[in-house]
file input.cif (mmCIF, C-alpha atoms)
data_final
#
loop_
_atom_site.label_atom_id
_atom_site.label_comp_id
_atom_site.auth_asym_id
_atom_site.auth_seq_id
_atom_site.Cartn_x
_atom_site.Cartn_y
_atom_site.Cartn_z
CA MET X 10 0.00 0.00 0.00
CA ARG X 11 1.69 3.12 -1.27
CA THR X 12 -0.61 5.82 0.09
CA GLY X 13 -0.23 4.81 3.74
CA ARG X 14 3.54 5.25 3.57
CA ALA X 15 3.51 8.59 1.73
CA PRO X 16 4.85 11.61 3.68
CA ALA X 17 1.68 13.54 2.81
CA TYR X 18 -0.48 10.89 4.46
CA GLU X 19 1.68 10.76 7.57
CA ALA X 20 1.64 14.55 7.89
CA ALA X 21 -2.13 14.76 7.40
CA LYS X 22 -2.69 11.93 9.86
CA ARG X 23 -0.58 13.58 12.55
CA ALA X 24 -2.18 16.98 12.02
CA THR X 25 -5.63 15.42 12.31
CA ASP X 26 -4.61 13.52 15.44
CA VAL X 27 -3.45 16.70 17.16
CA ALA X 28 -6.47 18.78 16.12
CA VAL X 29 -9.08 16.17 17.02
CA ALA X 30 -7.40 15.13 20.27
CA ALA X 31 -7.06 18.74 21.45
CA ALA X 32 -10.68 19.53 20.56
CA GLY X 33 -11.85 16.28 22.11
CA LEU X 34 -10.14 17.00 25.41
CA VAL X 35 -11.74 20.44 25.58
CA VAL X 36 -15.24 19.26 24.63
CA THR X 37 -15.21 16.26 26.97
CA ALA X 38 -13.65 18.08 29.94
CA PRO X 39 -16.97 18.40 31.84
CA LEU X 40 -17.72 14.71 31.25
CA ALA X 41 -14.21 13.75 32.32
CA ALA X 42 -14.66 15.72 35.54
CA VAL X 43 -17.87 13.82 36.34
CA ILE X 44 -16.20 10.48 35.59
CA ALA X 45 -13.26 11.35 37.83
CA TRP X 46 -15.64 12.30 40.64
CA ARG X 47 -17.54 9.01 40.31
CA ILE X 48 -14.38 6.91 40.36
CA ARG X 49 -13.02 8.67 43.44
CA ARG X 50 -16.39 8.56 45.19
CA GLU X 51 -16.76 4.81 44.69
CA ASP X 52 -13.56 3.58 46.34
CA ARG X 53 -11.27 6.59 46.90
CA GLY X 54 -8.66 5.04 44.59
CA PRO X 55 -6.72 6.75 41.78
CA VAL X 56 -8.72 8.07 38.86
CA ILE X 57 -6.22 7.29 36.09
CA PHE X 58 -4.76 3.89 35.31
CA ARG X 59 -1.32 3.86 33.67
CA GLY X 60 -0.48 0.64 31.89
CA PRO X 61 2.86 -0.10 30.19
CA ARG X 62 2.46 -0.74 26.47
CA VAL X 63 4.74 -1.27 23.48
CA GLY X 64 4.62 1.52 20.93
CA ARG X 65 6.10 2.39 17.57
CA GLY X 66 9.60 1.08 17.14
CA GLY X 67 9.25 -1.25 20.12
CA GLY X 68 9.58 1.51 22.70
CA SER X 69 7.55 1.54 25.90
CA PHE X 70 4.98 4.11 27.05
CA ASP X 71 2.17 4.30 29.60
CA ILE X 72 -1.30 4.12 28.11
CA LEU X 73 -3.80 6.27 30.04
CA LYS X 74 -7.27 5.11 30.97
CA PHE X 75 -9.91 5.95 33.51
CA ARG X 76 -9.56 3.22 36.12
CA THR X 77 -12.32 0.63 35.79
CA MET X 78 -11.09 -2.04 38.19
CA ALA X 79 -10.48 -2.35 41.89
CA VAL X 80 -7.18 -0.95 43.12
CA GLY X 81 -4.42 -3.50 42.57
CA ALA X 82 -6.37 -5.57 40.03
CA ASP X 83 -3.54 -5.18 37.50
CA ARG X 84 -1.33 -7.27 39.79
CA SER X 85 -3.59 -10.33 39.54
CA GLY X 86 -1.69 -11.74 36.56
CA VAL X 87 -4.82 -11.84 34.37
CA ASP X 88 -4.90 -9.26 31.58
CA ALA X 89 -8.03 -10.27 29.66
CA THR X 90 -11.24 -8.80 31.04
CA ALA X 91 -14.69 -10.40 30.71
CA ASN X 92 -17.94 -8.60 31.38
CA ASP X 93 -18.42 -10.76 34.48
CA ASP X 94 -14.95 -9.99 35.86
CA PRO X 95 -15.40 -9.36 39.61
CA ARG X 96 -12.44 -6.97 39.53
CA LEU X 97 -14.56 -4.41 37.65
CA THR X 98 -16.07 -1.60 39.70
CA ARG X 99 -19.66 -0.52 39.18
CA THR X 100 -18.53 2.71 37.54
CA GLY X 101 -15.96 0.75 35.55
CA ARG X 102 -18.61 -1.48 33.98
CA PHE X 103 -20.46 1.57 32.70
CA LEU X 104 -17.30 3.21 31.39
CA ARG X 105 -16.26 0.08 29.51
CA ARG X 106 -19.72 -0.34 28.01
CA TRP X 107 -19.40 3.03 26.27
CA LYS X 108 -15.58 3.01 25.91
CA LEU X 109 -15.41 6.14 28.06
CA ASP X 110 -12.47 4.68 29.97
CA GLU X 111 -10.35 5.38 26.88
CA LEU X 112 -10.94 9.16 26.83
CA PRO X 113 -7.57 9.90 28.54
CA GLN X 114 -5.82 8.30 25.57
CA LEU X 115 -6.40 11.58 23.74
CA VAL X 116 -3.46 12.76 25.86
CA ASN X 117 -1.40 9.86 24.49
CA VAL X 118 -2.37 11.04 21.01
CA LEU X 119 -1.26 14.61 21.72
CA ARG X 120 2.06 13.33 23.02
CA GLY X 121 2.63 11.42 19.79
CA GLU X 122 2.60 8.04 21.54
CA MET X 123 -0.62 7.01 19.83
CA SER X 124 -2.82 7.92 16.89
CA LEU X 125 -6.59 8.13 16.69
CA VAL X 126 -6.54 5.18 14.28
CA GLY X 127 -4.12 2.28 14.44
CA PRO X 128 -3.62 -1.19 15.93
CA ARG X 129 -4.10 -1.31 19.68
CA PRO X 130 -0.78 -1.18 21.58
CA PRO X 131 0.22 -4.55 23.03
CA MET X 132 1.57 -5.38 26.46
CA ALA X 133 5.22 -6.40 26.50
CA TRP X 134 4.47 -10.10 26.99
CA ASP X 135 2.09 -10.05 24.03
CA ALA X 136 4.57 -8.22 21.79
CA GLU X 137 7.15 -10.89 22.61
CA LEU X 138 4.81 -13.46 21.08
CA TYR X 139 4.52 -11.57 17.79
CA THR X 140 5.49 -13.45 14.68
CA ALA X 141 7.87 -11.79 12.20
CA ASP X 142 4.82 -10.65 10.23
CA GLU X 143 3.04 -9.28 13.30
CA ARG X 144 6.12 -7.32 14.34
CA ARG X 145 5.46 -5.06 11.36
CA LEU X 146 2.62 -3.60 13.44
CA LEU X 147 5.28 -1.93 15.60
CA THR X 148 6.45 0.20 12.64
CA ILE X 149 3.47 2.56 13.03
CA ARG X 150 1.87 4.40 15.94
CA PRO X 151 -0.66 2.31 17.83
CA GLY X 152 -4.15 3.73 17.91
CA ILE X 153 -7.34 4.15 19.89
CA THR X 154 -9.42 2.32 17.28
CA ASP X 155 -9.03 0.26 14.12
CA TRP X 156 -10.88 -2.48 12.26
CA ALA X 157 -10.04 -5.00 14.98
CA SER X 158 -11.32 -2.68 17.72
CA ILE X 159 -14.65 -2.40 15.89
CA ARG X 160 -14.93 -6.13 15.21
CA PHE X 161 -14.15 -7.02 18.84
CA ARG X 162 -15.90 -4.06 20.48
CA ARG X 163 -17.81 -6.56 22.63
CA GLN X 164 -14.66 -8.43 23.65
CA GLY X 165 -15.79 -8.72 27.26
CA ALA X 166 -19.00 -10.45 26.22
CA LEU X 167 -17.15 -12.92 23.98
CA ILE X 168 -15.16 -14.34 26.89
CA GLU X 169 -17.85 -13.94 29.55
CA GLY X 170 -18.59 -17.15 31.41
CA ARG X 171 -15.22 -18.73 30.61
CA THR X 172 -13.15 -20.02 33.51
CA ASP X 173 -9.87 -18.96 31.87
CA TRP X 174 -10.27 -15.51 30.34
CA GLN X 175 -6.69 -15.40 29.11
CA ALA X 176 -7.01 -18.68 27.23
CA ALA X 177 -10.35 -17.56 25.80
CA TYR X 178 -8.73 -14.37 24.52
CA PHE X 179 -6.06 -16.34 22.66
CA GLU X 180 -8.64 -18.74 21.25
CA LEU X 181 -11.50 -16.44 20.31
CA ILE X 182 -10.07 -12.96 19.82
CA ARG X 183 -6.34 -12.72 19.16
CA PRO X 184 -6.25 -14.53 15.77
CA GLY X 185 -8.94 -12.33 14.24
CA LYS X 186 -7.51 -9.23 15.91
CA MET X 187 -4.08 -9.83 14.38
CA GLU X 188 -5.56 -10.54 10.95
CA LEU X 189 -7.49 -7.27 10.90
CA ALA X 190 -4.58 -5.27 12.34
CA LEU X 191 -2.29 -6.54 9.57
CA ALA X 192 -4.99 -5.80 6.99
CA TYR X 193 -5.14 -2.22 8.23
CA LEU X 194 -1.35 -1.93 8.05
CA GLN X 195 -1.39 -3.00 4.41
CA ASN X 196 -4.33 -0.82 3.37
CA ARG X 197 -4.24 2.27 5.57
CA SER X 198 -4.93 5.68 4.04
CA PHE X 199 -6.50 8.93 5.17
CA ALA X 200 -9.85 7.89 3.68
CA VAL X 201 -9.70 4.53 5.48
CA ASP X 202 -8.90 6.29 8.77
CA VAL X 203 -11.89 8.62 8.42
CA ARG X 204 -14.20 5.69 7.67
CA ILE X 205 -12.88 3.79 10.69
CA LEU X 206 -13.60 6.75 12.97
CA GLY X 207 -17.12 7.01 11.59
CA LEU X 208 -17.81 3.30 11.94
CA THR X 209 -16.40 3.32 15.48
CA ALA X 210 -19.03 5.91 16.39
CA LEU X 211 -21.79 3.83 14.79
CA GLY X 212 -20.62 0.76 16.68
CA LEU X 213 -20.68 2.58 20.00
CA LEU X 214 -24.23 3.73 19.26
CA GLY X 215 -25.26 0.14 18.61
CA HIS X 216 -25.89 0.36 14.86
CA PRO X 217 -27.21 -3.10 13.90
CA ARG X 218 -25.26 -3.27 10.63
CA THR X 219 -21.86 -2.32 12.05
CA ASP X 220 -20.28 -5.73 11.37
CA GLU X 221 -21.73 -5.86 7.85
CA ILE X 222 -20.39 -2.39 7.04
CA LEU X 223 -17.02 -3.33 8.51
CA GLN X 224 -16.76 -6.42 6.29
CA ARG X 225 -17.57 -4.37 3.19
CA MET X 226 -15.05 -1.72 4.22
CA VAL X 227 -12.22 -4.23 4.68
CA THR X 228 -13.06 -6.04 1.43
CA SER X 229 -13.19 -2.76 -0.49
CA ALA X 230 -9.89 -1.53 0.90
CA ARG X 231 -8.18 -4.81 0.00
CA ALA X 232 -9.59 -4.67 -3.52
CA ARG X 233 -8.17 -1.18 -4.08
CA ALA X 234 -4.71 -2.09 -2.75
#
call {"tool": "encode", "arguments": {"input": "input.cif", "output": "structure tokens"}}
result
Amino acid sequence: MRTGRAPAYEAAKRATDVAVAAAGLVVTAPLAAVIAWRIRREDRGPVIFRGPRVGRGGGSFDILKFRTMAVGADRSGVDATANDDPRLTRTGRFLRRWKLDELPQLVNVLRGEMSLVGPRPPMAWDAELYTADERRLLTIRPGITDWASIRFRRQGALIEGRTDWQAAYFELIRPGKMELALAYLQNRSFAVDVRILGLTALGLLGHPRTDEILQRMVTSARARA
């Protein structure tokens, strides 16, 4: 895919990231304040969760999220999260349902650690499992959303009821997630990014044809490559 590697695309993508992230932080500031108040009110723990992730070039950075789990839950050794995970707080369940826990990642975008659109950043242990092909995902900025994020937007529901959430993630989610992430890498363009942002919004609003539109979008992008 030539367009996705062109300097003009990269410049336009970065300019859009900065503009949208800055505007998003301003517009959502009142909502963020309410969320912070609810998190603190529920258990007096920290509002922001900082999780180490692997970014472009293999470097490490802390992804920012509103905390959705009980304090210390990240030390349990289980990284996959099902909807019935007892570590989730009441506020956290609501935030995850609407993806509001990811609002602080707009700061990661402003810093240049992430993009609005791109493969989700892996944890170090996951990146170590990457195949040679999958390691190509580390050549671009990770993102808040991409085709895989849309397809697996109900990830928690897919592994709900399983006794081993981590194993369920590797069985039911990771293969498809990697396939779509690599498809995005090969076919990314400014037009594709805009469509992904639009479809992400539709998915969050519960549009019944989200998966159908996604399949057409991926097929179309591949056909034009």
call {"tool": "atom_distance", "arguments": {"input": "input.cif", "atom1": "CA of Val201 in chain X", "atom2": "CA of Arg129 in chain X"}}
result
16.3 Å
call {"tool": "closest_residue", "arguments": {"input": "input.cif", "among": "X:Ala24, X:Leu214, X:Ile48, X:Leu146", "to": "Ala190 in chain X", "atoms": "only C-alpha atoms"}}
result
X:Leu146
call {"tool": "atom_distance", "arguments": {"input": "input.cif", "atom1": "CA of Pro217 in chain X", "atom2": "CA of Ala157 in chain X"}}
result
17.3 Å
call {"tool": "resolve_selection", "arguments": {"input": "input.cif", "expression": "the PyMOL selection byres ((chain X and resi 100-110) around 8)", "output": "list of chain:residue names"}}
result
X:Arg47, X:Ile48, X:Glu51, X:Lys74, X:Phe75, X:Arg76, X:Thr77, X:Met78, X:Asn92, X:Leu97, X:Thr98, X:Arg99, X:Glu111, X:Leu112, X:Pro113, X:Leu213
call {"tool": "closest_residue", "arguments": {"input": "input.cif", "among": "X:Arg145, X:Arg197, X:Arg204, X:Arg120", "to": "Leu223 in chain X", "atoms": "only C-alpha atoms"}}
result
X:Arg204
call {"tool": "residues_near_point", "arguments": {"input": "input.cif", "point": "(5.2, -8.4, 12.9)", "cutoff": "12 Å", "atoms": "only C-alpha atoms", "output": "number ranges by chain"}}
result
X: 65-67, 128, 131, 135-149, 187-188, 190-191, 194
call {"tool": "residues_around", "arguments": {"input": "input.cif", "residues": "Thr37 in chain X", "least_positions_apart": "4", "cutoff": "12 Å", "atoms": "all atoms listed in the file", "output": "PyMOL selection string"}}
result
chain X and resi 29-33+41-44+109+111-113+115
call {"tool": "closest_residue", "arguments": {"input": "input.cif", "among": "X:Pro184, X:Gly207, X:Gly121, X:Pro61", "to": "Asp155 in chain X", "atoms": "all atoms listed in the file"}}
result
X:Gly207
call {"tool": "resolve_selection", "arguments": {"input": "input.cif", "expression": "the PyMOL selection byres ((chain X and resi 222) around 12)", "output": "list in words"}}
result
Trp156, Ile159, Arg160, Arg204, Ile205, Gly207, Leu208, Thr209, Leu211, Gly212, His216, Pro217, Arg218, Thr219, Asp220, Glu221, Leu223, Gln224, Arg225, Met226, Val227, Thr228 and Ser229 of chain X
call {"tool": "atom_distance", "arguments": {"input": "input.cif", "atom1": "CA of Arg62 in chain X", "atom2": "CA of Lys186 in chain X"}}
result
16.8 Å
call {"tool": "closest_residue", "arguments": {"input": "input.cif", "among": "X:Asn117, X:Asp94, X:Gly165, X:Ile153", "to": "Ala82 in chain X", "atoms": "all atoms listed in the file"}}
result
X:Asp94
call {"tool": "residues_around", "arguments": {"input": "input.cif", "residues": "Asp88 in chain X", "least_positions_apart": "4", "cutoff": "10 Å", "atoms": "all atoms listed in the file", "output": "JSON, numbers by chain"}}
result
{"X": [82, 83, 84, 132, 174, 175, 178]}
call {"tool": "residues_near_point", "arguments": {"input": "input.cif", "point": "(-5.3, 11.1, 3.6)", "cutoff": "7 Å", "atoms": "all atoms listed in the file", "output": "mmCIF file with C-alpha atoms, keeping the file's coordinate frame"}}
result
data_model
loop_
_atom_site.group_PDB
_atom_site.id
_atom_site.type_symbol
_atom_site.label_atom_id
_atom_site.label_comp_id
_atom_site.auth_asym_id
_atom_site.auth_seq_id
_atom_site.Cartn_x
_atom_site.Cartn_y
_atom_site.Cartn_z
ATOM 1 C CA TYR X 18 -0.480 10.890 4.460
ATOM 2 C CA ALA X 21 -2.130 14.760 7.400
ATOM 3 C CA LYS X 22 -2.690 11.930 9.860
ATOM 4 C CA SER X 198 -4.930 5.680 4.040
ATOM 5 C CA PHE X 199 -6.500 8.930 5.170
ATOM 6 C CA ALA X 200 -9.850 7.890 3.680
#
call {"tool": "decode", "arguments": {"input": "input.cif", "residues": "range 67-113 of chain X", "atoms": "N, CA and C atoms", "output": "PDB file, in the first residue's frame"}}
result
ATOM      1  N   GLY X  67       8.975  -0.354  18.996  1.00  0.00           N
ATOM      2  CA  GLY X  67       9.250  -1.255  20.115  1.00  0.00           C
ATOM      3  C   GLY X  67       9.496  -0.557  21.430  1.00  0.00           C
ATOM      4  N   GLY X  68       9.394   0.778  21.453  1.00  0.00           N
ATOM      5  CA  GLY X  68       9.579   1.512  22.699  1.00  0.00           C
ATOM      6  C   GLY X  68       8.392   1.365  23.631  1.00  0.00           C
ATOM      7  N   SER X  69       8.593   1.689  24.894  1.00  0.00           N
ATOM      8  CA  SER X  69       7.553   1.543  25.904  1.00  0.00           C
ATOM      9  C   SER X  69       6.950   2.898  26.274  1.00  0.00           C
ATOM     10  N   PHE X  70       5.658   2.911  26.550  1.00  0.00           N
ATOM     11  CA  PHE X  70       4.985   4.109  27.050  1.00  0.00           C
ATOM     12  C   PHE X  70       3.830   3.672  27.935  1.00  0.00           C
ATOM     13  N   ASP X  71       3.312   4.595  28.725  1.00  0.00           N
ATOM     14  CA  ASP X  71       2.171   4.298  29.598  1.00  0.00           C
ATOM     15  C   ASP X  71       0.881   4.745  28.932  1.00  0.00           C
ATOM     16  N   ILE X  72       0.007   3.779  28.649  1.00  0.00           N
ATOM     17  CA  ILE X  72      -1.298   4.123  28.114  1.00  0.00           C
ATOM     18  C   ILE X  72      -2.159   4.640  29.264  1.00  0.00           C
ATOM     19  N   LEU X  73      -2.971   5.650  29.013  1.00  0.00           N
ATOM     20  CA  LEU X  73      -3.797   6.273  30.039  1.00  0.00           C
ATOM     21  C   LEU X  73      -5.257   5.864  29.874  1.00  0.00           C
ATOM     22  N   LYS X  74      -5.870   5.467  30.973  1.00  0.00           N
ATOM     23  CA  LYS X  74      -7.275   5.111  30.969  1.00  0.00           C
ATOM     24  C   LYS X  74      -7.905   5.556  32.282  1.00  0.00           C
ATOM     25  N   PHE X  75      -9.213   5.806  32.247  1.00  0.00           N
ATOM     26  CA  PHE X  75      -9.909   5.949  33.514  1.00  0.00           C
ATOM     27  C   PHE X  75      -9.939   4.564  34.161  1.00  0.00           C
ATOM     28  N   ARG X  76      -9.624   4.506  35.441  1.00  0.00           N
ATOM     29  CA  ARG X  76      -9.564   3.221  36.121  1.00  0.00           C
ATOM     30  C   ARG X  76     -10.948   2.598  36.203  1.00  0.00           C
ATOM     31  N   THR X  77     -11.040   1.341  35.786  1.00  0.00           N
ATOM     32  CA  THR X  77     -12.322   0.633  35.791  1.00  0.00           C
ATOM     33  C   THR X  77     -12.329  -0.574  36.724  1.00  0.00           C
ATOM     34  N   MET X  78     -11.186  -0.876  37.309  1.00  0.00           N
ATOM     35  CA  MET X  78     -11.090  -2.040  38.191  1.00  0.00           C
ATOM     36  C   MET X  78     -10.716  -1.637  39.606  1.00  0.00           C
ATOM     37  N   ALA X  79     -10.872  -2.583  40.507  1.00  0.00           N
ATOM     38  CA  ALA X  79     -10.483  -2.353  41.891  1.00  0.00           C
ATOM     39  C   ALA X  79      -8.989  -2.068  41.962  1.00  0.00           C
ATOM     40  N   VAL X  80      -8.594  -1.287  42.942  1.00  0.00           N
ATOM     41  CA  VAL X  80      -7.182  -0.951  43.118  1.00  0.00           C
ATOM     42  C   VAL X  80      -6.362  -2.234  43.278  1.00  0.00           C
ATOM     43  N   GLY X  81      -5.287  -2.330  42.492  1.00  0.00           N
ATOM     44  CA  GLY X  81      -4.418  -3.498  42.568  1.00  0.00           C
ATOM     45  C   GLY X  81      -4.817  -4.645  41.661  1.00  0.00           C
ATOM     46  N   ALA X  82      -5.909  -4.491  40.897  1.00  0.00           N
ATOM     47  CA  ALA X  82      -6.375  -5.574  40.028  1.00  0.00           C
ATOM     48  C   ALA X  82      -5.360  -5.918  38.947  1.00  0.00           C
ATOM     49  N   ASP X  83      -4.533  -4.929  38.554  1.00  0.00           N
ATOM     50  CA  ASP X  83      -3.540  -5.177  37.500  1.00  0.00           C
ATOM     51  C   ASP X  83      -2.428  -6.110  37.967  1.00  0.00           C
ATOM     52  N   ARG X  84      -2.360  -6.370  39.271  1.00  0.00           N
ATOM     53  CA  ARG X  84      -1.330  -7.269  39.792  1.00  0.00           C
ATOM     54  C   ARG X  84      -1.820  -8.713  39.931  1.00  0.00           C
ATOM     55  N   SER X  85      -3.013  -8.988  39.403  1.00  0.00           N
ATOM     56  CA  SER X  85      -3.595 -10.329  39.536  1.00  0.00           C
ATOM     57  C   SER X  85      -2.980 -11.332  38.581  1.00  0.00           C
ATOM     58  N   GLY X  86      -2.287 -10.838  37.540  1.00  0.00           N
ATOM     59  CA  GLY X  86      -1.687 -11.737  36.564  1.00  0.00           C
ATOM     60  C   GLY X  86      -2.619 -12.102  35.425  1.00  0.00           C
ATOM     61  N   VAL X  87      -3.858 -11.591  35.443  1.00  0.00           N
ATOM     62  CA  VAL X  87      -4.821 -11.845  34.372  1.00  0.00           C
ATOM     63  C   VAL X  87      -5.075 -10.525  33.646  1.00  0.00           C
ATOM     64  N   ASP X  88      -4.786 -10.505  32.333  1.00  0.00           N
ATOM     65  CA  ASP X  88      -4.899  -9.255  31.583  1.00  0.00           C
ATOM     66  C   ASP X  88      -6.187  -9.157  30.771  1.00  0.00           C
ATOM     67  N   ALA X  89      -6.752 -10.293  30.374  1.00  0.00           N
ATOM     68  CA  ALA X  89      -8.025 -10.272  29.661  1.00  0.00           C
ATOM     69  C   ALA X  89      -9.147  -9.945  30.645  1.00  0.00           C
ATOM     70  N   THR X  90     -10.160  -9.222  30.158  1.00  0.00           N
ATOM     71  CA  THR X  90     -11.244  -8.802  31.041  1.00  0.00           C
ATOM     72  C   THR X  90     -12.592  -9.168  30.441  1.00  0.00           C
ATOM     73  N   ALA X  91     -13.340 -10.021  31.128  1.00  0.00           N
ATOM     74  CA  ALA X  91     -14.686 -10.404  30.705  1.00  0.00           C
ATOM     75  C   ALA X  91     -15.702  -9.473  31.360  1.00  0.00           C
ATOM     76  N   ASN X  92     -16.906  -9.452  30.802  1.00  0.00           N
ATOM     77  CA  ASN X  92     -17.942  -8.599  31.383  1.00  0.00           C
ATOM     78  C   ASN X  92     -18.294  -8.999  32.807  1.00  0.00           C
ATOM     79  N   ASP X  93     -18.088 -10.286  33.129  1.00  0.00           N
ATOM     80  CA  ASP X  93     -18.423 -10.758  34.475  1.00  0.00           C
ATOM     81  C   ASP X  93     -17.210 -10.776  35.406  1.00  0.00           C
ATOM     82  N   ASP X  94     -16.171 -10.054  35.046  1.00  0.00           N
ATOM     83  CA  ASP X  94     -14.954  -9.993  35.863  1.00  0.00           C
ATOM     84  C   ASP X  94     -15.272  -9.295  37.187  1.00  0.00           C
ATOM     85  N   PRO X  95     -15.088  -9.965  38.313  1.00  0.00           N
ATOM     86  CA  PRO X  95     -15.403  -9.357  39.612  1.00  0.00           C
ATOM     87  C   PRO X  95     -14.469  -8.206  39.981  1.00  0.00           C
ATOM     88  N   ARG X  96     -13.364  -8.064  39.253  1.00  0.00           N
ATOM     89  CA  ARG X  96     -12.442  -6.965  39.529  1.00  0.00           C
ATOM     90  C   ARG X  96     -12.994  -5.620  39.059  1.00  0.00           C
ATOM     91  N   LEU X  97     -13.978  -5.644  38.170  1.00  0.00           N
ATOM     92  CA  LEU X  97     -14.562  -4.409  37.654  1.00  0.00           C
ATOM     93  C   LEU X  97     -15.386  -3.699  38.725  1.00  0.00           C
ATOM     94  N   THR X  98     -15.241  -2.394  38.794  1.00  0.00           N
ATOM     95  CA  THR X  98     -16.066  -1.603  39.696  1.00  0.00           C
ATOM     96  C   THR X  98     -17.405  -1.314  39.014  1.00  0.00           C
ATOM     97  N   ARG X  99     -18.362  -0.837  39.769  1.00  0.00           N
ATOM     98  CA  ARG X  99     -19.659  -0.518  39.183  1.00  0.00           C
ATOM     99  C   ARG X  99     -19.520   0.595  38.146  1.00  0.00           C
ATOM    100  N   THR X 100     -18.766   1.627  38.496  1.00  0.00           N
ATOM    101  CA  THR X 100     -18.525   2.707  37.542  1.00  0.00           C
ATOM    102  C   THR X 100     -17.741   2.184  36.345  1.00  0.00           C
ATOM    103  N   GLY X 101     -16.787   1.290  36.613  1.00  0.00           N
ATOM    104  CA  GLY X 101     -15.961   0.747  35.551  1.00  0.00           C
ATOM    105  C   GLY X 101     -16.766  -0.011  34.505  1.00  0.00           C
ATOM    106  N   ARG X 102     -17.775  -0.741  34.931  1.00  0.00           N
ATOM    107  CA  ARG X 102     -18.608  -1.478  33.977  1.00  0.00           C
ATOM    108  C   ARG X 102     -19.302  -0.520  33.011  1.00  0.00           C
ATOM    109  N   PHE X 103     -19.800   0.579  33.546  1.00  0.00           N
ATOM    110  CA  PHE X 103     -20.462   1.574  32.703  1.00  0.00           C
ATOM    111  C   PHE X 103     -19.472   2.211  31.736  1.00  0.00           C
ATOM    112  N   LEU X 104     -18.295   2.568  32.232  1.00  0.00           N
ATOM    113  CA  LEU X 104     -17.303   3.212  31.386  1.00  0.00           C
ATOM    114  C   LEU X 104     -16.863   2.296  30.247  1.00  0.00           C
ATOM    115  N   ARG X 105     -16.664   1.028  30.547  1.00  0.00           N
ATOM    116  CA  ARG X 105     -16.257   0.082  29.509  1.00  0.00           C
ATOM    117  C   ARG X 105     -17.355  -0.135  28.485  1.00  0.00           C
ATOM    118  N   ARG X 106     -18.600  -0.130  28.938  1.00  0.00           N
ATOM    119  CA  ARG X 106     -19.718  -0.335  28.006  1.00  0.00           C
ATOM    120  C   ARG X 106     -19.702   0.703  26.903  1.00  0.00           C
ATOM    121  N   TRP X 107     -19.391   1.943  27.244  1.00  0.00           N
ATOM    122  CA  TRP X 107     -19.399   3.030  26.274  1.00  0.00           C
ATOM    123  C   TRP X 107     -18.003   3.468  25.856  1.00  0.00           C
ATOM    124  N   LYS X 108     -16.985   2.716  26.252  1.00  0.00           N
ATOM    125  CA  LYS X 108     -15.582   3.008  25.909  1.00  0.00           C
ATOM    126  C   LYS X 108     -15.116   4.344  26.459  1.00  0.00           C
ATOM    127  N   LEU X 109     -15.786   4.845  27.487  1.00  0.00           N
ATOM    128  CA  LEU X 109     -15.407   6.137  28.059  1.00  0.00           C
ATOM    129  C   LEU X 109     -14.105   6.044  28.849  1.00  0.00           C
ATOM    130  N   ASP X 110     -13.725   4.830  29.234  1.00  0.00           N
ATOM    131  CA  ASP X 110     -12.468   4.676  29.967  1.00  0.00           C
ATOM    132  C   ASP X 110     -11.265   5.042  29.108  1.00  0.00           C
ATOM    133  N   GLU X 111     -11.447   5.103  27.780  1.00  0.00           N
ATOM    134  CA  GLU X 111     -10.346   5.383  26.883  1.00  0.00           C
ATOM    135  C   GLU X 111     -10.185   6.871  26.548  1.00  0.00           C
ATOM    136  N   LEU X 112     -11.043   7.715  27.088  1.00  0.00           N
ATOM    137  CA  LEU X 112     -10.941   9.158  26.826  1.00  0.00           C
ATOM    138  C   LEU X 112      -9.551   9.728  27.129  1.00  0.00           C
ATOM    139  N   PRO X 113      -8.899   9.344  28.248  1.00  0.00           N
ATOM    140  CA  PRO X 113      -7.571   9.903  28.537  1.00  0.00           C
ATOM    141  C   PRO X 113      -6.518   9.593  27.478  1.00  0.00           C
TER     142      PRO X 113
END
